[in-house]
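Report on the following structure.
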Amino acid sequence: MPPLRIAVVGAGWVTEHHLAAYRELGDSVVVEAIADPDPITCSKRARRWGIPRCFSSDAEMLSVMDLDAVDVANPRQHHAASVRLAADHGLPVLCQKPLAPTWSEARDLVDNLPAGARLMVHENWRYRPHYGVIRDWVQQGRIGKLRQVLLLARTSGMIPDGSGLLPALQRQPMLAGLDRMLLMEVLIHHIDALRSVIGEMEFLAAVVGRDAEVLKGEDRATLLFKSGQAAVTLLGDFMTWGAPTALLDDLSLQGTQGAIRLSGDQLELRTGRDTTERHSIDLAADYKASYRDTIARFVRAVRDTDDAFFHAQVEDNLRSLELIERAYALSEFHSPPHPAG
């Protein structure tokens, strides 16, 4: 079977992870071209990953390349236009989350794509292997009926280090310019992963704010949901004193017959008075695997012409995006003119 011919739109930070994932998939895929308006960034990515063609725009690229699929990984404000362009060329599209800057724009995009368009949103958090283990434990009923969920996603990344630098911006400088930062860029991962583990959640309340003056968007958020009869709390913060500079998940799921605890690189299942299972997680390998497995799922769906998967996946992702939109609306922090729901 010949390799799937891929073109990547965008050459920014996240494409390093996408391209590493394609390489891990071996001979099943080949990245034929990359497009970015910055010629230096584009050529640098192309040289590093052995990509033969580099273009200044996706329009130029799609006009001359013979491709099987497109990976859209440019800034979020350009996602809709790039998805439409690829879909108009009849190509399956993998689009980096969020699908659009707002839920209403994303909904409009999906509703107005050409008939038969195949679109998947690249949301990799639920594909992290340890979240798969947690999902299996919950679905197997290992902790009984869910009572409470608490997920803390905290970092000291917006607190200056000994050199006066902000670690979060050293890693991802683009965070500073985002009008919607913590919820739309980061906590959307956690909401989507939680939904994959415990099912649908009803939104109840949100408190969102900003304390780091260098940011345009929010750096802290506390969200309250309900899933069945269980309370679900998600707290995100980029200015937590004493926290590591890297963002680590601290998750507790309490059930009627046991509990699951994820703390950094340690995952444990407790039933009765003693720990039943304990796993040590290689977080770097786990993160890398999440990109590989997300992209592998897209490749499989393209090869299988699995239209049902594409439809279900994008609709599911829109539900995660809608919860983010409701958080902005209810908190009145950068609330858009046309919030969802």
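In the structure tokens, chains take letters A, B, ... by order of appearance, with residues numbered from 1 within each chain and ligands from 1 in the order shown.
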Please return as number ranges by chain: the residues of region 68-192 of chain A that backbone DSSP assigns to alpha helix (DSSP H).
A: 79-88, 103-111, 129-139, 167-171, 188-192
Using only N, CA and C atoms, please write the residues we just selected to a file, as a compact mmCIF listing (two decimals), in the first residue's frame.
# COMPACT_ATOMS: atom_id res chain seq x y z
N HIS A 79 -7.65 28.80 11.05
CA HIS A 79 -8.08 27.42 10.89
C HIS A 79 -9.25 27.28 9.92
N ALA A 80 -10.30 28.08 10.12
CA ALA A 80 -11.50 27.91 9.31
C ALA A 80 -11.21 28.07 7.82
N ALA A 81 -10.45 29.10 7.47
CA ALA A 81 -10.15 29.32 6.06
C ALA A 81 -9.34 28.17 5.47
N SER A 82 -8.37 27.67 6.25
CA SER A 82 -7.53 26.57 5.75
C SER A 82 -8.31 25.27 5.64
N VAL A 83 -9.20 25.02 6.60
CA VAL A 83 -10.04 23.81 6.53
C VAL A 83 -10.95 23.88 5.31
N ARG A 84 -11.60 25.04 5.10
CA ARG A 84 -12.49 25.18 3.95
C ARG A 84 -11.74 24.97 2.64
N LEU A 85 -10.55 25.53 2.56
CA LEU A 85 -9.77 25.42 1.33
C LEU A 85 -9.43 23.97 1.03
N ALA A 86 -8.95 23.26 2.04
CA ALA A 86 -8.61 21.84 1.83
C ALA A 86 -9.85 21.02 1.50
N ALA A 87 -10.96 21.29 2.20
CA ALA A 87 -12.19 20.55 1.94
C ALA A 87 -12.71 20.84 0.53
N ASP A 88 -12.55 22.07 0.07
CA ASP A 88 -12.97 22.42 -1.29
C ASP A 88 -12.14 21.67 -2.34
N TRP A 103 -16.89 29.07 19.53
CA TRP A 103 -17.77 27.94 19.21
C TRP A 103 -18.65 28.25 18.01
N SER A 104 -19.20 29.45 17.95
CA SER A 104 -20.12 29.78 16.85
C SER A 104 -19.41 29.73 15.50
N GLU A 105 -18.16 30.18 15.45
CA GLU A 105 -17.40 30.10 14.20
C GLU A 105 -17.13 28.65 13.82
N ALA A 106 -16.81 27.82 14.83
CA ALA A 106 -16.54 26.41 14.56
C ALA A 106 -17.81 25.70 14.09
N ARG A 107 -18.95 26.00 14.74
CA ARG A 107 -20.21 25.40 14.35
C ARG A 107 -20.57 25.78 12.91
N ASP A 108 -20.39 27.05 12.58
CA ASP A 108 -20.69 27.52 11.23
C ASP A 108 -19.78 26.85 10.20
N LEU A 109 -18.51 26.68 10.56
CA LEU A 109 -17.57 26.01 9.65
C LEU A 109 -18.04 24.60 9.33
N VAL A 110 -18.34 23.83 10.37
CA VAL A 110 -18.74 22.44 10.18
C VAL A 110 -20.04 22.35 9.39
N ASP A 111 -20.98 23.22 9.71
CA ASP A 111 -22.30 23.16 9.06
C ASP A 111 -22.25 23.53 7.59
N PRO A 129 -1.67 7.92 26.92
CA PRO A 129 -1.91 6.55 27.39
C PRO A 129 -2.44 6.45 28.81
N HIS A 130 -1.99 7.33 29.72
CA HIS A 130 -2.48 7.18 31.09
C HIS A 130 -3.95 7.56 31.22
N TYR A 131 -4.44 8.47 30.36
CA TYR A 131 -5.87 8.75 30.39
C TYR A 131 -6.66 7.55 29.84
N GLY A 132 -6.05 6.78 28.96
CA GLY A 132 -6.69 5.56 28.50
C GLY A 132 -6.84 4.54 29.63
N VAL A 133 -5.82 4.44 30.49
CA VAL A 133 -5.90 3.55 31.64
C VAL A 133 -7.01 3.99 32.58
N ILE A 134 -7.05 5.29 32.87
CA ILE A 134 -8.10 5.83 33.75
C ILE A 134 -9.48 5.56 33.16
N ARG A 135 -9.62 5.80 31.86
CA ARG A 135 -10.90 5.57 31.19
C ARG A 135 -11.33 4.11 31.34
N ASP A 136 -10.40 3.18 31.15
CA ASP A 136 -10.72 1.76 31.29
C ASP A 136 -11.16 1.43 32.71
N TRP A 137 -10.47 1.94 33.70
CA TRP A 137 -10.84 1.66 35.10
C TRP A 137 -12.26 2.15 35.40
N VAL A 138 -12.57 3.36 34.94
CA VAL A 138 -13.91 3.91 35.19
C VAL A 138 -14.96 3.08 34.48
N GLN A 139 -14.73 2.78 33.19
CA GLN A 139 -15.72 2.04 32.40
C GLN A 139 -15.90 0.61 32.90
N PRO A 167 8.92 31.18 32.45
CA PRO A 167 9.12 29.88 31.81
C PRO A 167 8.05 29.50 30.80
N ALA A 168 6.80 29.84 31.08
CA ALA A 168 5.73 29.48 30.14
C ALA A 168 5.91 30.16 28.80
N LEU A 169 6.38 31.42 28.81
CA LEU A 169 6.56 32.14 27.56
C LEU A 169 7.87 31.78 26.88
N GLN A 170 8.83 31.27 27.65
CA GLN A 170 10.04 30.76 27.02
C GLN A 170 9.71 29.53 26.19
N ARG A 171 8.78 28.72 26.66
CA ARG A 171 8.39 27.51 25.95
C ARG A 171 7.44 27.84 24.81
N ILE A 188 -9.06 23.36 27.50
CA ILE A 188 -9.88 22.61 26.54
C ILE A 188 -9.40 21.16 26.45
N HIS A 189 -8.08 20.95 26.60
CA HIS A 189 -7.54 19.59 26.66
C HIS A 189 -8.16 18.81 27.81
N HIS A 190 -8.19 19.44 28.98
CA HIS A 190 -8.64 18.75 30.19
C HIS A 190 -10.13 18.48 30.16
N ILE A 191 -10.90 19.44 29.64
CA ILE A 191 -12.34 19.22 29.51
C ILE A 191 -12.62 18.06 28.57
N ASP A 192 -11.91 18.02 27.45
CA ASP A 192 -12.12 16.95 26.49
C ASP A 192 -11.69 15.60 27.08
Contacts of Ala35 (chain A) within 10 Å, only C-alpha atoms, excl. fewer than 3 positions in-chain, as an mmCIF file with all heavy atoms, in the first residue's frame:
data_model
loop_
_atom_site.group_PDB
_atom_site.id
_atom_site.type_symbol
_atom_site.label_atom_id
_atom_site.label_comp_id
_atom_site.auth_asym_id
_atom_site.auth_seq_id
_atom_site.Cartn_x
_atom_site.Cartn_y
_atom_site.Cartn_z
ATOM 1 N N ALA A 7 0.215 17.043 3.493
ATOM 2 C CA ALA A 7 0.786 18.395 3.504
ATOM 3 C C ALA A 7 0.406 19.057 4.817
ATOM 4 O O ALA A 7 -0.704 18.869 5.323
ATOM 5 C CB ALA A 7 0.256 19.221 2.339
ATOM 6 N N VAL A 8 1.329 19.813 5.377
ATOM 7 C CA VAL A 8 1.127 20.491 6.657
ATOM 8 C C VAL A 8 0.989 21.987 6.407
ATOM 9 O O VAL A 8 1.794 22.585 5.685
ATOM 10 C CB VAL A 8 2.290 20.219 7.625
ATOM 11 C CG1 VAL A 8 2.116 21.007 8.927
ATOM 12 C CG2 VAL A 8 2.391 18.728 7.922
ATOM 13 N N VAL A 9 -0.043 22.585 7.012
ATOM 14 C CA VAL A 9 -0.260 24.027 6.923
ATOM 15 C C VAL A 9 0.165 24.647 8.247
ATOM 16 O O VAL A 9 -0.439 24.391 9.289
ATOM 17 C CB VAL A 9 -1.733 24.362 6.625
ATOM 18 C CG1 VAL A 9 -1.926 25.875 6.541
ATOM 19 C CG2 VAL A 9 -2.186 23.673 5.341
ATOM 20 N N GLY A 10 1.222 25.460 8.204
ATOM 21 C CA GLY A 10 1.788 26.045 9.411
ATOM 22 C C GLY A 10 3.126 25.406 9.738
ATOM 23 O O GLY A 10 3.338 24.215 9.480
ATOM 24 N N ALA A 11 4.026 26.223 10.289
ATOM 25 C CA ALA A 11 5.350 25.711 10.655
ATOM 26 C C ALA A 11 5.739 26.173 12.055
ATOM 27 O O ALA A 11 6.917 26.280 12.378
ATOM 28 C CB ALA A 11 6.398 26.168 9.632
ATOM 29 N N ASP A 38 6.032 32.675 6.770
ATOM 30 C CA ASP A 38 7.389 33.044 7.165
ATOM 31 C C ASP A 38 8.363 32.103 6.461
ATOM 32 O O ASP A 38 8.471 30.930 6.820
ATOM 33 C CB ASP A 38 7.546 32.920 8.678
ATOM 34 C CG ASP A 38 8.910 33.369 9.175
ATOM 35 O OD1 ASP A 38 9.886 33.329 8.386
ATOM 36 O OD2 ASP A 38 9.028 33.734 10.356
ATOM 37 N N PRO A 39 9.092 32.582 5.441
ATOM 38 C CA PRO A 39 9.945 31.680 4.658
ATOM 39 C C PRO A 39 11.082 31.067 5.470
ATOM 40 O O PRO A 39 11.487 29.933 5.210
ATOM 41 C CB PRO A 39 10.487 32.591 3.541
ATOM 42 C CG PRO A 39 10.362 33.981 4.085
ATOM 43 C CD PRO A 39 9.153 33.976 4.960
ATOM 44 N N THR A 41 11.049 30.318 8.803
ATOM 45 C CA THR A 41 10.473 29.261 9.640
ATOM 46 C C THR A 41 10.102 28.050 8.799
ATOM 47 O O THR A 41 10.344 26.900 9.188
ATOM 48 C CB THR A 41 9.230 29.789 10.380
ATOM 49 O OG1 THR A 41 9.606 30.895 11.200
ATOM 50 C CG2 THR A 41 8.614 28.708 11.257
ATOM 51 N N CYS A 42 9.506 28.309 7.636
ATOM 52 C CA CYS A 42 9.070 27.220 6.773
ATOM 53 C C CYS A 42 10.261 26.383 6.299
ATOM 54 O O CYS A 42 10.246 25.149 6.370
ATOM 55 C CB CYS A 42 8.308 27.781 5.582
ATOM 56 S SG CYS A 42 7.431 26.535 4.617
ATOM 57 N N SER A 43 11.287 27.046 5.822
ATOM 58 C CA SER A 43 12.450 26.312 5.306
ATOM 59 C C SER A 43 13.183 25.584 6.427
ATOM 60 O O SER A 43 13.713 24.484 6.224
ATOM 61 C CB SER A 43 13.395 27.263 4.575
ATOM 62 O OG SER A 43 13.894 28.266 5.442
ATOM 63 N N ARG A 45 11.788 24.241 9.146
ATOM 64 C CA ARG A 45 11.025 23.026 9.417
ATOM 65 C C ARG A 45 11.236 21.999 8.304
ATOM 66 O O ARG A 45 11.407 20.800 8.558
ATOM 67 C CB ARG A 45 9.543 23.342 9.524
ATOM 68 C CG ARG A 45 9.083 23.794 10.868
ATOM 69 C CD ARG A 45 8.977 22.660 11.886
ATOM 70 N NE ARG A 45 8.395 23.152 13.113
ATOM 71 C CZ ARG A 45 9.084 23.573 14.164
ATOM 72 N NH1 ARG A 45 10.415 23.523 14.143
ATOM 73 N NH2 ARG A 45 8.481 24.029 15.234
ATOM 74 N N ALA A 46 11.200 22.464 7.075
ATOM 75 C CA ALA A 46 11.348 21.554 5.933
ATOM 76 C C ALA A 46 12.705 20.863 5.959
ATOM 77 O O ALA A 46 12.802 19.642 5.751
ATOM 78 C CB ALA A 46 11.151 22.320 4.626
ATOM 79 N N ARG A 53 9.038 20.076 -0.305
ATOM 80 C CA ARG A 53 8.499 21.303 -0.870
ATOM 81 C C ARG A 53 8.062 22.247 0.241
ATOM 82 O O ARG A 53 7.447 21.840 1.239
ATOM 83 C CB ARG A 53 7.290 21.011 -1.777
ATOM 84 C CG ARG A 53 7.559 20.070 -2.948
ATOM 85 C CD ARG A 53 8.401 20.729 -4.034
ATOM 86 N NE ARG A 53 7.762 21.915 -4.604
ATOM 87 C CZ ARG A 53 6.887 21.892 -5.594
ATOM 88 N NH1 ARG A 53 6.495 20.730 -6.117
ATOM 89 N NH2 ARG A 53 6.396 23.011 -6.080
ATOM 90 N N CYS A 54 8.332 23.537 0.059
ATOM 91 C CA CYS A 54 7.967 24.577 1.022
ATOM 92 C C CYS A 54 7.239 25.689 0.264
ATOM 93 O O CYS A 54 7.718 26.139 -0.789
ATOM 94 C CB CYS A 54 9.227 25.125 1.692
ATOM 95 S SG CYS A 54 8.916 26.136 3.143
ATOM 96 N N PHE A 55 6.092 26.135 0.800
ATOM 97 C CA PHE A 55 5.265 27.131 0.137
ATOM 98 C C PHE A 55 4.939 28.277 1.093
ATOM 99 O O PHE A 55 4.937 28.106 2.313
ATOM 100 C CB PHE A 55 3.964 26.500 -0.364
ATOM 101 C CG PHE A 55 4.140 25.461 -1.429
ATOM 102 C CD1 PHE A 55 4.351 24.133 -1.080
ATOM 103 C CD2 PHE A 55 4.118 25.804 -2.770
ATOM 104 C CE1 PHE A 55 4.526 23.154 -2.059
ATOM 105 C CE2 PHE A 55 4.281 24.845 -3.758
ATOM 106 C CZ PHE A 55 4.493 23.514 -3.402
ATOM 107 N N SER A 56 4.589 29.428 0.522
ATOM 108 C CA SER A 56 4.253 30.591 1.341
ATOM 109 C C SER A 56 2.796 30.599 1.773
ATOM 110 O O SER A 56 2.415 31.348 2.668
ATOM 111 C CB SER A 56 4.573 31.883 0.591
ATOM 112 O OG SER A 56 3.805 31.966 -0.605
ATOM 113 N N SER A 57 1.956 29.769 1.144
ATOM 114 C CA SER A 57 0.539 29.717 1.508
ATOM 115 C C SER A 57 -0.024 28.346 1.188
ATOM 116 O O SER A 57 0.491 27.629 0.312
ATOM 117 C CB SER A 57 -0.261 30.786 0.762
ATOM 118 O OG SER A 57 -0.387 30.448 -0.604
ATOM 119 N N ASP A 58 -1.101 27.994 1.885
ATOM 120 C CA ASP A 58 -1.753 26.719 1.584
ATOM 121 C C ASP A 58 -2.449 26.773 0.230
ATOM 122 O O ASP A 58 -2.540 25.761 -0.473
ATOM 123 C CB ASP A 58 -2.710 26.305 2.700
ATOM 124 C CG ASP A 58 -3.656 27.402 3.135
ATOM 125 O OD1 ASP A 58 -3.487 28.551 2.689
ATOM 126 O OD2 ASP A 58 -4.553 27.113 3.957
ATOM 127 N N ALA A 59 -2.931 27.952 -0.172
ATOM 128 C CA ALA A 59 -3.558 28.073 -1.481
ATOM 129 C C ALA A 59 -2.580 27.723 -2.596
ATOM 130 O O ALA A 59 -2.901 26.966 -3.528
ATOM 131 C CB ALA A 59 -4.108 29.484 -1.676
ATOM 132 N N GLU A 60 -1.372 28.279 -2.495
ATOM 133 C CA GLU A 60 -0.344 27.967 -3.494
ATOM 134 C C GLU A 60 -0.005 26.487 -3.464
ATOM 135 O O GLU A 60 0.117 25.830 -4.511
ATOM 136 C CB GLU A 60 0.906 28.812 -3.215
ATOM 137 C CG GLU A 60 2.061 28.536 -4.169
ATOM 138 C CD GLU A 60 3.348 29.200 -3.726
ATOM 139 O OE1 GLU A 60 3.411 29.721 -2.596
ATOM 140 O OE2 GLU A 60 4.318 29.176 -4.521
ATOM 141 N N MET A 61 0.151 25.948 -2.263
ATOM 142 C CA MET A 61 0.533 24.542 -2.113
ATOM 143 C C MET A 61 -0.513 23.602 -2.710
ATOM 144 O O MET A 61 -0.186 22.682 -3.469
ATOM 145 C CB MET A 61 0.754 24.227 -0.633
ATOM 146 C CG MET A 61 1.133 22.791 -0.316
ATOM 147 S SD MET A 61 1.585 22.589 1.427
ATOM 148 C CE MET A 61 -0.007 22.882 2.228
ATOM 149 N N LEU A 62 -1.782 23.842 -2.383
ATOM 150 C CA LEU A 62 -2.827 22.942 -2.845
ATOM 151 C C LEU A 62 -3.082 23.072 -4.349
ATOM 152 O O LEU A 62 -3.640 22.155 -4.965
ATOM 153 C CB LEU A 62 -4.111 23.193 -2.074
ATOM 154 C CG LEU A 62 -4.050 22.887 -0.576
ATOM 155 C CD1 LEU A 62 -5.406 23.125 0.084
ATOM 156 C CD2 LEU A 62 -3.585 21.461 -0.313
ATOM 157 N N VAL A 72 -3.846 20.831 9.230
ATOM 158 C CA VAL A 72 -3.891 22.274 9.469
ATOM 159 C C VAL A 72 -3.390 22.553 10.886
ATOM 160 O O VAL A 72 -4.015 22.151 11.865
ATOM 161 C CB VAL A 72 -5.323 22.813 9.285
ATOM 162 C CG1 VAL A 72 -5.399 24.282 9.718
ATOM 163 C CG2 VAL A 72 -5.758 22.660 7.833
ATOM 164 N N ALA A 73 -2.265 23.250 10.979
ATOM 165 C CA ALA A 73 -1.658 23.529 12.284
ATOM 166 C C ALA A 73 -1.139 24.962 12.341
ATOM 167 O O ALA A 73 -0.134 25.251 12.992
ATOM 168 C CB ALA A 73 -0.525 22.537 12.571
ATOM 169 N N ASN A 74 -1.818 25.861 11.661
ATOM 170 C CA ASN A 74 -1.457 27.278 11.712
ATOM 171 C C ASN A 74 -2.203 27.939 12.881
ATOM 172 O O ASN A 74 -2.948 27.264 13.600
ATOM 173 C CB ASN A 74 -1.768 27.954 10.369
ATOM 174 C CG ASN A 74 -3.174 27.688 9.872
ATOM 175 O OD1 ASN A 74 -3.985 27.061 10.565
ATOM 176 N ND2 ASN A 74 -3.490 28.151 8.677
#
In region 120-295 of chain A, what's strand (DSSP E or B) per DSSP? Answer as JSON, numbers by chain?
{"A": [120, 121, 122, 146, 147, 148, 149, 150, 151, 152, 153, 154, 202, 203, 204, 205, 206, 207, 208, 209, 220, 221, 222, 223, 224, 225, 226, 227, 230, 231, 232, 233, 234, 235, 236, 237, 248, 249, 250, 251, 252, 253, 254, 255, 258, 259, 260, 261, 262, 263, 266, 267, 268, 269, 270, 271, 274, 275, 276, 277, 278, 279, 280]}
